file structure33.txt (compact mmCIF, C-alpha atoms)
# COMPACT_ATOMS: atom_id res chain seq x y z
CA MET A 1 0.00 0.00 0.00
CA ALA A 2 1.38 3.43 -0.94
CA ASP A 3 2.30 5.79 1.86
CA PRO A 4 -0.48 8.41 1.93
CA SER A 5 1.83 10.95 3.53
CA VAL A 6 3.61 11.42 0.19
CA TYR A 7 0.33 12.30 -1.51
CA ASP A 8 -0.63 14.56 1.41
CA ALA A 9 2.69 16.41 1.28
CA ASP A 10 2.25 16.96 -2.44
CA LEU A 11 -1.26 18.34 -1.95
CA VAL A 12 -0.02 20.77 0.69
CA ARG A 13 2.90 21.87 -1.47
CA ARG A 14 0.65 22.44 -4.51
CA ALA A 15 -1.89 24.35 -2.41
CA ARG A 16 0.80 26.66 -1.08
CA VAL A 17 2.34 27.24 -4.50
CA ALA A 18 -1.09 28.03 -5.98
CA HIS A 19 -1.88 30.37 -3.09
CA ALA A 20 1.43 32.17 -3.48
CA LYS A 21 0.70 32.66 -7.18
CA GLY A 22 -2.77 34.03 -6.44
CA ASP A 23 -4.50 30.98 -7.94
CA LEU A 24 -6.86 30.76 -4.99
CA ARG A 25 -9.34 28.41 -6.66
CA THR A 26 -6.66 25.75 -7.07
CA ALA A 27 -5.35 26.35 -3.55
CA GLN A 28 -8.87 25.97 -2.15
CA ASN A 29 -9.44 22.75 -4.08
CA HIS A 30 -6.23 21.16 -2.79
CA ALA A 31 -7.00 22.22 0.79
CA ALA A 32 -10.55 20.86 0.47
CA GLU A 33 -9.28 17.54 -0.86
CA LEU A 34 -6.82 17.21 1.99
CA TRP A 35 -9.54 17.95 4.54
CA LEU A 36 -11.93 15.45 2.99
CA ARG A 37 -9.25 12.77 3.08
CA TYR A 38 -9.14 13.08 6.87
CA GLU A 39 -12.58 14.43 7.75
CA LYS A 40 -13.77 11.25 9.43
CA GLN A 41 -10.62 11.04 11.51
CA ALA A 42 -11.04 14.73 12.43
CA ARG A 43 -14.61 14.04 13.56
CA ALA A 44 -13.38 11.26 15.82
CA ILE A 45 -10.52 13.35 17.16
CA SER A 46 -12.87 16.25 17.98
CA ARG A 47 -14.92 13.77 19.99
CA LYS A 48 -11.92 12.99 22.16
CA ARG A 49 -12.02 16.65 23.24
CA ALA A 50 -15.73 17.22 23.73
CA ARG A 51 -19.18 15.73 23.32
CA GLY A 52 -22.18 16.43 21.10
CA ASP A 53 -22.66 20.01 19.93
CA GLU A 54 -19.46 21.15 21.61
CA ALA A 55 -17.54 18.46 19.69
CA ASP A 56 -18.99 19.88 16.47
CA GLU A 57 -17.75 23.32 17.51
CA VAL A 58 -14.29 21.87 18.17
CA LEU A 59 -14.46 20.31 14.69
CA GLY A 60 -15.33 23.69 13.16
CA HIS A 61 -12.38 25.39 14.82
CA LEU A 62 -10.15 22.44 13.97
CA GLN A 63 -11.12 22.77 10.31
CA LEU A 64 -10.40 26.49 10.36
CA ARG A 65 -6.97 25.95 11.89
CA PHE A 66 -6.26 23.14 9.43
CA ILE A 67 -7.09 25.35 6.43
CA LYS A 68 -4.96 28.23 7.73
CA TRP A 69 -2.15 25.76 8.27
CA VAL A 70 -2.35 24.57 4.66
CA TYR A 71 -2.39 28.08 3.19
CA PHE A 72 -0.10 30.01 5.43
CA ARG A 73 2.40 27.75 7.19
CA GLN A 74 5.73 26.60 5.87
CA ASP A 75 6.22 23.26 7.62
CA GLU A 76 5.82 19.97 5.79
CA PRO A 77 3.14 17.55 6.97
CA ARG A 78 4.65 14.37 8.34
CA ASN A 79 1.63 12.83 9.95
CA MET A 80 -1.84 14.21 9.38
CA ILE A 81 -3.41 12.31 12.28
CA GLY A 82 -0.79 13.66 14.67
CA LEU A 83 -1.27 17.16 13.30
CA LEU A 84 -5.05 16.94 13.68
CA ASN A 85 -4.69 15.73 17.25
CA GLN A 86 -2.39 18.63 18.04
CA MET A 87 -4.72 21.15 16.39
CA ALA A 88 -7.73 19.70 18.21
CA SER A 89 -6.26 20.62 21.57
CA TYR A 90 -5.92 24.23 20.38
CA ALA A 91 -9.37 24.11 18.76
CA TYR A 92 -10.85 23.12 22.10
CA GLY A 93 -9.20 26.21 23.57
CA ASP A 94 -10.76 28.27 20.76
CA VAL A 95 -14.20 26.97 21.72
CA GLN A 96 -13.65 27.83 25.36
CA ARG A 97 -12.48 31.34 24.44
CA HIS A 98 -15.49 31.74 22.15
CA GLU A 99 -17.83 30.71 24.96
CA ALA A 100 -16.14 33.29 27.19
CA SER A 101 -16.61 35.91 24.42
CA GLN A 102 -12.86 36.22 24.00
CA PRO A 103 -11.74 36.42 20.37
CA VAL A 104 -8.96 34.13 19.26
CA THR A 105 -5.75 36.11 19.21
CA VAL A 106 -3.16 36.19 16.47
CA GLU A 107 -0.65 34.55 18.75
CA GLU A 108 -2.98 31.68 19.59
CA ILE A 109 -3.91 30.85 16.02
CA GLU A 110 -0.30 30.82 14.89
CA ASP A 111 1.22 28.93 17.78
CA TYR A 112 1.70 25.25 17.11
CA ARG A 113 5.13 25.04 18.66
CA GLN A 114 4.16 23.32 21.87
CA PRO A 115 4.37 19.55 21.52
CA HIS A 116 1.17 17.77 22.39
CA THR A 117 1.47 15.38 25.27
CA ASP A 118 -1.68 13.36 24.88
CA ARG A 119 -1.60 9.62 24.65
CA THR A 120 -2.38 9.62 20.96
CA LEU A 121 -1.39 7.53 18.02
CA SER A 122 0.51 10.35 16.48
CA ALA A 123 2.93 8.09 14.62
CA ILE A 124 0.58 5.50 13.28
CA LEU A 125 -0.12 6.80 9.83
CA ASP A 126 3.17 5.63 8.43
CA ARG A 127 2.48 2.40 6.55
CA ALA A 128 5.60 0.67 7.81
CA GLU A 129 4.55 1.36 11.39
CA ILE A 130 1.06 0.05 10.73
CA ASP A 131 2.55 -3.16 9.33
CA GLN A 132 4.76 -3.35 12.40
CA LEU A 133 1.73 -2.98 14.67
CA MET A 134 -0.12 -5.69 12.75
CA SER A 135 2.68 -8.04 13.67
CA VAL A 136 1.64 -8.01 17.34
CA LEU A 137 -1.65 -9.68 16.38
CA SER A 138 -2.43 -13.36 16.21
CA GLU A 139 -3.27 -14.87 12.83
CA ARG A 140 -6.99 -14.76 13.55
CA GLU A 141 -6.89 -11.18 14.84
CA ARG A 142 -4.92 -10.08 11.80
CA LEU A 143 -7.43 -11.72 9.48
CA ILE A 144 -10.30 -9.90 11.22
CA ILE A 145 -8.57 -6.54 10.88
CA GLU A 146 -7.62 -7.19 7.25
CA ARG A 147 -11.19 -8.19 6.40
CA GLU A 148 -12.46 -5.00 8.06
CA LEU A 149 -10.06 -2.90 6.02
CA ALA A 150 -11.32 -4.67 2.91
CA ASP A 151 -14.91 -3.76 3.89
CA VAL A 152 -15.99 -7.38 4.20
CA PRO A 153 -19.28 -7.47 6.17
CA ASP A 154 -18.95 -8.72 9.74
CA SER A 155 -21.52 -11.47 9.08
CA GLU A 156 -19.30 -12.93 6.35
CA VAL A 157 -16.16 -12.75 8.49
CA ALA A 158 -17.98 -14.38 11.41
CA ALA A 159 -19.19 -17.16 9.10
CA GLU A 160 -15.70 -17.63 7.70
CA LEU A 161 -14.26 -18.01 11.20
CA GLU A 162 -17.29 -19.96 12.45
CA ILE A 163 -17.87 -17.60 15.36
CA GLU A 164 -20.75 -15.40 16.52
CA PRO A 165 -20.71 -11.70 15.48
CA ASN A 166 -20.51 -10.76 19.18
CA ASN A 167 -17.37 -12.83 19.47
CA LEU A 168 -15.97 -11.26 16.32
CA HIS A 169 -16.50 -7.78 17.75
CA GLN A 170 -14.85 -8.77 21.00
CA ILE A 171 -11.81 -10.19 19.23
CA ARG A 172 -11.53 -7.07 17.10
CA TRP A 173 -11.77 -4.87 20.19
CA ARG A 174 -8.98 -6.82 21.86
CA ALA A 175 -6.87 -6.71 18.71
CA LEU A 176 -7.18 -2.95 18.39
CA LYS A 177 -6.43 -2.56 22.07
CA ARG A 178 -3.24 -4.55 21.70
CA MET A 179 -2.22 -2.52 18.67
CA ARG A 180 -2.80 0.68 20.56
CA GLU A 181 -0.78 -0.53 23.51
CA ALA A 182 2.03 -1.51 21.16
CA ALA A 183 1.88 1.93 19.52
CA ASP A 184 1.98 3.63 22.92
CA GLN A 185 5.03 1.61 23.90
CA GLN A 186 6.77 2.57 20.66
CA GLU A 187 5.88 6.22 21.19
CA TRP A 188 7.08 6.35 24.76
CA GLY A 189 10.06 4.18 24.04
CA SER A 190 11.26 6.32 21.15
CA MET B 191 -16.33 -14.23 27.61
CA ASP B 192 -15.80 -10.75 29.02
CA GLU B 193 -19.26 -9.14 28.77
CA ARG B 194 -17.86 -5.62 28.85
CA GLU B 195 -15.49 -6.35 25.96
CA ILE B 196 -18.39 -7.74 23.95
CA GLN B 197 -20.45 -4.60 24.66
CA LEU B 198 -17.58 -2.32 23.70
CA GLY B 199 -16.79 -4.40 20.63
CA ASN B 200 -20.42 -4.17 19.52
CA LEU B 201 -20.49 -0.44 20.20
CA LEU B 202 -17.33 0.00 18.15
CA ALA B 203 -18.84 -1.86 15.22
CA GLU B 204 -22.05 0.19 15.40
CA THR B 205 -20.19 3.46 15.80
CA LEU B 206 -18.01 2.78 12.78
CA VAL B 207 -21.10 2.09 10.68
CA ALA B 208 -22.70 5.31 11.94
CA PHE B 209 -19.47 7.20 11.15
CA GLY B 210 -19.41 5.72 7.67
CA GLU B 211 -22.99 6.81 7.05
CA GLY B 212 -22.44 10.29 8.46
CA ARG B 213 -24.97 9.86 11.28
CA SER B 214 -23.40 12.25 13.78
CA ALA B 215 -26.22 12.15 16.31
CA ASP B 216 -26.04 8.35 16.40
CA VAL B 217 -22.25 8.49 16.75
CA ASP B 218 -22.62 10.74 19.79
CA ARG B 219 -25.35 8.57 21.29
CA LEU B 220 -23.29 5.40 20.83
CA LEU B 221 -20.14 6.98 22.25
CA ASP B 222 -22.01 8.28 25.28
CA SER B 223 -23.54 4.87 25.89
CA ALA B 224 -20.04 3.56 26.63
CA GLY B 225 -20.16 5.49 29.93
CA ASP B 226 -16.79 5.56 31.64
CA ASP B 227 -15.23 3.81 28.64
CA ARG B 228 -16.29 6.56 26.21
CA LEU B 229 -12.79 7.92 25.67
CA GLU B 230 -11.37 4.46 25.06
CA LEU B 231 -14.15 3.80 22.53
CA VAL B 232 -13.38 7.08 20.72
CA GLU B 233 -9.72 6.12 20.61
CA MET B 234 -10.60 2.76 19.09
CA VAL B 235 -12.76 4.47 16.49
CA GLU B 236 -9.85 6.77 15.71
CA LEU B 237 -7.50 3.82 15.43
CA SER B 238 -9.87 1.94 13.13
CA LEU B 239 -10.27 4.98 10.90
CA THR B 240 -6.51 5.53 10.91
CA LEU B 241 -5.89 1.94 9.88
CA ARG B 242 -8.29 2.39 6.99
CA GLY B 243 -6.23 5.35 5.81
CA PRO B 244 -7.40 8.55 4.19
CA ALA B 245 -10.55 8.71 2.07
CA SER B 246 -10.56 9.29 -1.68
CA PRO B 247 -13.09 12.08 -2.08
CA SER B 248 -14.87 12.65 -5.39
CA SER B 249 -14.03 15.70 -7.46
CA GLU B 250 -17.63 16.90 -6.98
CA ALA B 251 -17.28 16.77 -3.20
CA ILE B 252 -13.95 18.58 -3.38
CA ASP B 253 -15.31 21.32 -5.64
CA ALA B 254 -18.34 21.84 -3.42
CA LEU B 255 -16.32 22.05 -0.21
CA ALA B 256 -13.66 24.29 -1.77
CA MET B 257 -16.29 26.96 -2.42
CA THR B 258 -17.50 27.15 1.18
CA PRO B 259 -16.54 30.18 3.30
CA ALA B 260 -14.11 28.22 5.48
CA PHE B 261 -11.85 27.56 2.50
CA ASP B 262 -11.88 31.13 1.22
CA ALA B 263 -8.19 32.02 0.94
CA ARG B 264 -8.66 35.75 0.31
CA SER B 265 -7.59 38.43 2.75
CA TRP B 266 -10.09 40.84 4.29
CA PRO B 267 -8.99 43.82 2.18
CA GLU B 268 -9.72 41.79 -0.96
CA ILE B 269 -13.01 40.43 0.36
CA LEU B 270 -14.29 43.78 1.64
CA THR B 271 -13.38 45.66 -1.52
CA GLU B 272 -14.97 43.05 -3.79
CA ALA B 273 -18.10 42.78 -1.64
CA ARG B 274 -18.52 46.54 -1.42
CA HIS B 275 -18.21 46.90 -5.18
CA ALA B 276 -20.59 43.99 -5.72
CA GLN B 277 -23.15 45.78 -3.54
CA GLY B 278 -22.55 49.03 -5.41
CA LEU B 279 -21.71 50.73 -2.13
CA LYS B 280 -19.52 53.82 -1.90
CA ARG B 281 -17.41 54.04 1.24
CA PRO B 282 -19.49 56.85 2.86
CA ALA B 283 -22.69 54.85 2.47
CA LEU B 284 -21.04 51.74 3.89
CA VAL B 285 -19.58 53.66 6.82
CA ALA B 286 -22.94 55.26 7.62
CA ALA B 287 -24.66 51.87 7.58
CA LEU B 288 -21.89 50.27 9.61
CA ALA B 289 -22.00 53.03 12.25
CA LYS B 290 -25.77 52.65 12.47
CA HIS B 291 -25.47 48.88 12.95
CA LEU B 292 -22.94 49.48 15.70
CA GLY B 293 -25.16 52.05 17.40
CA ILE B 294 -22.72 54.89 16.76
CA VAL B 295 -24.68 58.07 16.08
CA SER B 296 -22.40 61.01 16.92
CA PRO B 297 -20.40 62.69 14.12
CA ASP B 298 -17.09 62.09 15.92
CA GLY B 299 -17.96 58.42 16.39
CA GLU B 300 -18.95 58.04 12.75
CA GLU B 301 -15.75 59.75 11.66
CA ARG B 302 -13.79 57.23 13.75
CA VAL B 303 -15.72 54.38 12.11
CA ARG B 304 -14.74 55.83 8.73
CA GLU B 305 -11.08 55.94 9.75
CA ARG B 306 -11.05 52.42 11.14
CA TYR B 307 -12.94 50.95 8.20
CA HIS B 308 -10.51 52.62 5.81
CA GLU B 309 -7.65 51.05 7.76
CA ILE B 310 -9.22 47.60 7.50
CA GLU B 311 -10.02 47.80 3.81
CA THR B 312 -6.52 49.03 2.99
CA GLY B 313 -4.77 46.41 5.12
CA GLN B 314 -3.49 48.79 7.78
CA LEU B 315 -5.61 47.33 10.58
CA ASP B 316 -5.48 43.66 11.34
CA PRO B 317 -9.01 42.17 11.30
CA ARG B 318 -7.90 39.42 13.65
CA ARG B 319 -8.33 41.76 16.61
CA ILE B 320 -11.69 43.30 15.83
CA SER B 321 -14.78 42.40 17.80
CA SER B 322 -17.43 39.96 16.66
CA ALA B 323 -19.92 42.86 16.76
CA VAL B 324 -18.03 44.53 13.91
CA VAL B 325 -17.76 41.23 12.00
CA ASP B 326 -21.52 40.74 12.32
CA ALA B 327 -22.34 44.34 11.38
CA LEU B 328 -20.04 44.28 8.34
CA GLY B 329 -21.47 40.94 7.28
CA ASP B 330 -24.98 42.38 7.35
CA VAL B 331 -24.10 45.65 5.65
CA LEU B 332 -22.33 43.77 2.85
CA GLY B 333 -25.26 41.43 2.37
CA GLY B 334 -25.02 38.03 4.02
CA MET B 335 -21.25 38.01 4.36
CA ARG B 336 -21.07 37.05 8.04
CA ALA B 337 -19.92 33.48 7.46
CA VAL B 338 -17.27 34.50 4.95
CA LEU B 339 -15.92 37.29 7.15
CA ASP B 340 -15.92 35.10 10.23
CA ALA B 341 -14.09 32.28 8.45
CA THR B 342 -11.49 34.56 6.87
CA ARG B 343 -10.89 36.93 9.78
CA LEU B 344 -7.68 35.11 10.65
CA ASN B 345 -6.24 35.13 7.12
CA PRO B 346 -3.11 37.28 6.89
CA ILE B 347 -3.81 40.67 5.36
CA GLY B 348 -0.87 40.63 2.98
CA PRO B 349 0.89 43.71 1.61
CA LEU B 350 -0.61 47.16 2.10
CA SER B 351 -3.23 48.21 -0.43
CA PRO B 352 -2.15 50.83 -2.99
CA ASN B 353 -5.16 52.84 -1.78
CA VAL B 354 -3.43 53.63 1.50
CA SER B 355 -3.74 57.38 1.70
CA PHE B 356 -0.61 58.47 3.49
CA MET B 357 2.25 60.02 1.55
CA ARG B 358 4.76 57.47 0.34
CA ASP B 359 7.01 59.92 -1.47
CA GLY B 360 8.25 61.78 1.56
CA PHE B 361 7.01 64.90 3.27
CA ASP B 362 7.19 68.26 1.52
CA ASP B 363 6.35 70.32 4.55
CA VAL B 364 8.83 68.94 7.05
CA ASP B 365 8.54 71.88 9.41
CA GLY B 366 4.79 71.55 9.42
CA MET B 367 5.02 67.83 10.17
CA VAL B 368 7.37 68.46 13.07
CA LEU B 369 5.03 71.10 14.39
CA MET B 370 2.08 68.75 14.06
CA ASP B 371 4.02 66.05 15.81
CA MET B 372 4.50 68.30 18.80
CA VAL B 373 0.79 68.94 19.22
CA LEU B 374 -0.68 66.57 21.73
CA PRO B 375 -3.56 64.53 20.32
CA ALA B 376 -6.97 65.47 21.63
CA GLU B 377 -8.46 63.21 24.25
CA PRO B 378 -10.76 60.78 22.40
CA THR B 379 -14.46 61.18 23.00
CA ALA B 380 -16.55 58.41 24.50
CA ASP B 381 -17.81 57.32 21.07
CA GLU B 382 -14.30 57.37 19.60
CA ARG B 383 -13.09 55.17 22.44
CA ARG B 384 -16.00 52.83 21.91
CA VAL B 385 -15.29 52.55 18.20
CA ASP B 386 -11.61 51.90 18.86
CA GLU B 387 -12.55 49.17 21.28
CA LEU B 388 -14.90 47.58 18.75
CA PHE B 389 -12.17 47.61 16.13
CA GLY B 390 -9.58 46.18 18.54
CA VAL B 391 -7.41 49.29 18.59
call {"tool": "encode", "arguments": {"input": "structure33.txt", "output": "structure tokens"}}
result
Amino acid sequence: MADPSVYDADLVRRARVAHAKGDLRTAQNHAAELWLRYEKQARAISRKRARGDEADEVLGHLQLRFIKWVYFRQDEPRNMIGLLNQMASYAYGDVQRHEASQPVTVEEIEDYRQPHTDRTLSAILDRAEIDQLMSVLSERERLIIERELADVPDSEVAAELEIEPNNLHQIRWRALKRMREAADQQEWGS
Amino acid sequence: MDEREIQLGNLLAETLVAFGEGRSADVDRLLDSAGDDRLELVEMVELSLTLRGPASPSSEAIDALAMTPAFDARSWPEILTEARHAQGLKRPALVAALAKHLGIVSPDGEERVRERYHEIETGQLDPRRISSAVVDALGDVLGGMRAVLDATRLNPIGPLSPNVSFMRDGFDDVDGMVLMDMVLPAEPTADERRVDELFGV
């Protein structure tokens, strides 16, 4: 599987070049494509910060920060999931400031220098690392995850493994939990 | 079998389906039903989505999203000038309407609104510091521009507009300028102070 970060980096580079040339339509299209590639992940990440309507507000601020980052920053994207997690913590601050009727300041919107310290899977997007994490799974767990990634319905996977759907879901939960623990260990150990 | 793991596994499966179908309210309901394990469930959803990798959006979806206010890459001076021209508004008419929206009725207050608006449209005043009341009022005066102005307020303003009205070629009357410089500025009136506050000055 191709490393999506290469495609992402190219989108960001082309958006910035177009913006610098005044070709805003092209810049907007590239930024929109990049956002849509990760919109579902961004929705989940915003729900780590808040619930319900407030999570939607975090998502709105996260999107705004993401777009500004594409257009106006210089740094290369290495890991979109990590970047979104980092931005979400700032976006949550934006929501709190908005609720307190305090406008977001220039300094706040431009400051991404602080490293985020959450227990997040900030390094997992890299394909090699995903393959490495898959190696901690048993053969059956790996098959369940691979079938999920291939969009095979749970009923078919359960039938293939001759288990109940409930059991399938439990095994998948455990598998993901083990992968996350392995990722955490790699993150803290690095 | 661990009953809790089965419950969480089932919730994860349901939540991923709801995510895939864009049913936000159901996503929130399912996440909340995990109780104390909500955060762990969200993290598992995130991990599952991460493993799946980025989506491949259609060109129609990209085009549609690119044209929404959030993705507008223009600076405020560009947006305001274009919107004003599109509305066929001269600056004095816009300033009068803006002052009225802001509840500024005195001549000195309106004059300060004129000065501050000029500074914004010419890129001398950073819109990132102005109040939401001004954003809302400008959005109304310019005809349904609130969302665009709100989404683009943080865009850098870029180089100064060529319409900036101070002298760029030097000062002919140097003595006069020095003399003017020595005159203490008048104490701003209450309305002038209010306008400055609204414009983040």
call {"tool": "closest_residue", "arguments": {"input": "structure33.txt", "among": "A:Tyr7, A:Trp173, A:Trp69, A:Tyr90", "to": "chain B", "atoms": "all atoms listed in the file"}}
result
A:Trp173
call {"tool": "interface_residues", "arguments": {"input": "structure33.txt", "of": "chain A", "to": "chain B", "cutoff": "6 Å", "atoms": "all atoms listed in the file", "output": "list in words"}}
result
Gln28, Asn29, Ala32, Glu33, Arg37, Tyr38, Ala44, Gly52, Leu149, His169, Gln170 and Trp173 of chain A
call {"tool": "atom_distance", "arguments": {"input": "structure33.txt", "atom1": "atom CA of Glu268 of chain B", "atom2": "atom CA of Pro77 of chain A"}}
result
28.6 Å
call {"tool": "atom_distance", "arguments": {"input": "structure33.txt", "atom1": "atom CA of Met179 of chain A", "atom2": "atom CA of Leu133 of chain A"}}
result
5.6 Å
call {"tool": "atom_distance", "arguments": {"input": "structure33.txt", "atom1": "atom CA of Lys40 of chain A", "atom2": "atom CA of Val152 of chain A"}}
result
19.5 Å
call {"tool": "residues_around", "arguments": {"input": "structure33.txt", "residues": "Glu99 of chain A", "least_positions_apart": "5", "cutoff": "12 Å", "atoms": "all atoms listed in the file", "output": "PyMOL selection string"}}
result
chain A and resi 54+57-58+92-94+104
call {"tool": "residues_around", "arguments": {"input": "structure33.txt", "residues": "Val136 of chain A", "least_positions_apart": "5", "cutoff": "12 Å", "atoms": "only C-alpha atoms", "output": "ChimeraX atom specification"}}
result
/A:129-131,141-142,174-183
call {"tool": "axis_aligned_box", "arguments": {"input": "structure33.txt", "around": "segment 340-347 of chain B", "padding_each_side": "6 Å", "output": "AutoDock Vina command-line options"}}
result
--center_x -9.5 --center_y 36.5 --center_z 8.0 --size_x 24.8 --size_y 20.4 --size_z 17.3
call {"tool": "closest_residue", "arguments": {"input": "structure33.txt", "among": "A:Gln41, A:Asn167, A:Ser46, A:Asn85", "to": "Gly60 of chain A", "atoms": "all atoms listed in the file"}}
result
A:Ser46
call {"tool": "closest_residue", "arguments": {"input": "structure33.txt", "among": "A:Gln63, A:Arg13, A:Pro165, A:Arg51", "to": "Pro259 of chain B", "atoms": "only C-alpha atoms"}}
result
A:Gln63
call {"tool": "build_atoms", "arguments": {"input": "structure33.txt", "residues": "segment 246-269 of chain B", "atoms": "N, CA and C atoms", "output": "mmCIF file, keeping the file's coordinate frame"}}
result
data_model
loop_
_atom_site.group_PDB
_atom_site.id
_atom_site.type_symbol
_atom_site.label_atom_id
_atom_site.label_comp_id
_atom_site.auth_asym_id
_atom_site.auth_seq_id
_atom_site.Cartn_x
_atom_site.Cartn_y
_atom_site.Cartn_z
ATOM 1 N N SER B 246 -10.814 8.794 -0.319
ATOM 2 C CA SER B 246 -10.560 9.290 -1.680
ATOM 3 C C SER B 246 -11.790 10.045 -2.144
ATOM 4 N N PRO B 247 -11.869 11.319 -1.784
ATOM 5 C CA PRO B 247 -13.090 12.080 -2.080
ATOM 6 C C PRO B 247 -13.300 12.285 -3.579
ATOM 7 N N SER B 248 -14.555 12.410 -3.974
ATOM 8 C CA SER B 248 -14.870 12.650 -5.390
ATOM 9 C C SER B 248 -14.547 14.099 -5.746
ATOM 10 N N SER B 249 -14.346 14.335 -7.030
ATOM 11 C CA SER B 249 -14.030 15.700 -7.460
ATOM 12 C C SER B 249 -15.228 16.623 -7.202
ATOM 13 N N GLU B 250 -16.456 16.068 -7.253
ATOM 14 C CA GLU B 250 -17.630 16.900 -6.980
ATOM 15 C C GLU B 250 -17.639 17.354 -5.519
ATOM 16 N N ALA B 251 -17.304 16.423 -4.629
ATOM 17 C CA ALA B 251 -17.280 16.770 -3.200
ATOM 18 C C ALA B 251 -16.183 17.799 -2.919
ATOM 19 N N ILE B 252 -15.050 17.635 -3.571
ATOM 20 C CA ILE B 252 -13.950 18.580 -3.380
ATOM 21 C C ILE B 252 -14.345 19.969 -3.875
ATOM 22 N N ASP B 253 -14.910 20.025 -5.073
ATOM 23 C CA ASP B 253 -15.310 21.320 -5.640
ATOM 24 C C ASP B 253 -16.325 22.021 -4.747
ATOM 25 N N ALA B 254 -17.288 21.239 -4.257
ATOM 26 C CA ALA B 254 -18.340 21.840 -3.420
ATOM 27 C C ALA B 254 -17.762 22.385 -2.120
ATOM 28 N N LEU B 255 -16.888 21.598 -1.479
ATOM 29 C CA LEU B 255 -16.320 22.050 -0.210
ATOM 30 C C LEU B 255 -15.388 23.241 -0.418
ATOM 31 N N ALA B 256 -14.647 23.222 -1.512
ATOM 32 C CA ALA B 256 -13.660 24.290 -1.770
ATOM 33 C C ALA B 256 -14.313 25.660 -1.869
ATOM 34 N N MET B 257 -15.602 25.675 -2.242
ATOM 35 C CA MET B 257 -16.290 26.960 -2.420
ATOM 36 C C MET B 257 -16.992 27.442 -1.158
ATOM 37 N N THR B 258 -16.854 26.711 -0.059
ATOM 38 C CA THR B 258 -17.500 27.150 1.180
ATOM 39 C C THR B 258 -16.647 28.226 1.852
ATOM 40 N N PRO B 259 -17.270 29.062 2.701
ATOM 41 C CA PRO B 259 -16.540 30.180 3.300
ATOM 42 C C PRO B 259 -15.252 29.767 4.025
ATOM 43 N N ALA B 260 -15.277 28.622 4.690
ATOM 44 C CA ALA B 260 -14.110 28.220 5.480
ATOM 45 C C ALA B 260 -12.845 28.113 4.631
ATOM 46 N N PHE B 261 -13.015 27.770 3.353
ATOM 47 C CA PHE B 261 -11.850 27.560 2.500
ATOM 48 C C PHE B 261 -11.461 28.811 1.714
ATOM 49 N N ASP B 262 -12.176 29.879 1.920
ATOM 50 C CA ASP B 262 -11.880 31.130 1.220
ATOM 51 C C ASP B 262 -10.475 31.590 1.616
ATOM 52 N N ALA B 263 -9.596 31.707 0.645
ATOM 53 C CA ALA B 263 -8.190 32.020 0.940
ATOM 54 C C ALA B 263 -7.885 33.511 0.797
ATOM 55 N N ARG B 264 -8.925 34.316 0.510
ATOM 56 C CA ARG B 264 -8.660 35.750 0.310
ATOM 57 C C ARG B 264 -8.426 36.455 1.643
ATOM 58 N N SER B 265 -7.768 37.597 1.565
ATOM 59 C CA SER B 265 -7.590 38.430 2.750
ATOM 60 C C SER B 265 -8.797 39.360 2.880
ATOM 61 N N TRP B 266 -8.955 39.930 4.069
ATOM 62 C CA TRP B 266 -10.090 40.840 4.290
ATOM 63 C C TRP B 266 -10.081 42.040 3.353
ATOM 64 N N PRO B 267 -8.945 42.679 3.113
ATOM 65 C CA PRO B 267 -8.990 43.820 2.180
ATOM 66 C C PRO B 267 -9.563 43.413 0.820
ATOM 67 N N GLU B 268 -9.175 42.252 0.328
ATOM 68 C CA GLU B 268 -9.720 41.790 -0.960
ATOM 69 C C GLU B 268 -11.217 41.538 -0.853
ATOM 70 N N ILE B 269 -11.602 40.814 0.205
ATOM 71 C CA ILE B 269 -13.010 40.430 0.360
ATOM 72 C C ILE B 269 -13.900 41.669 0.515
#
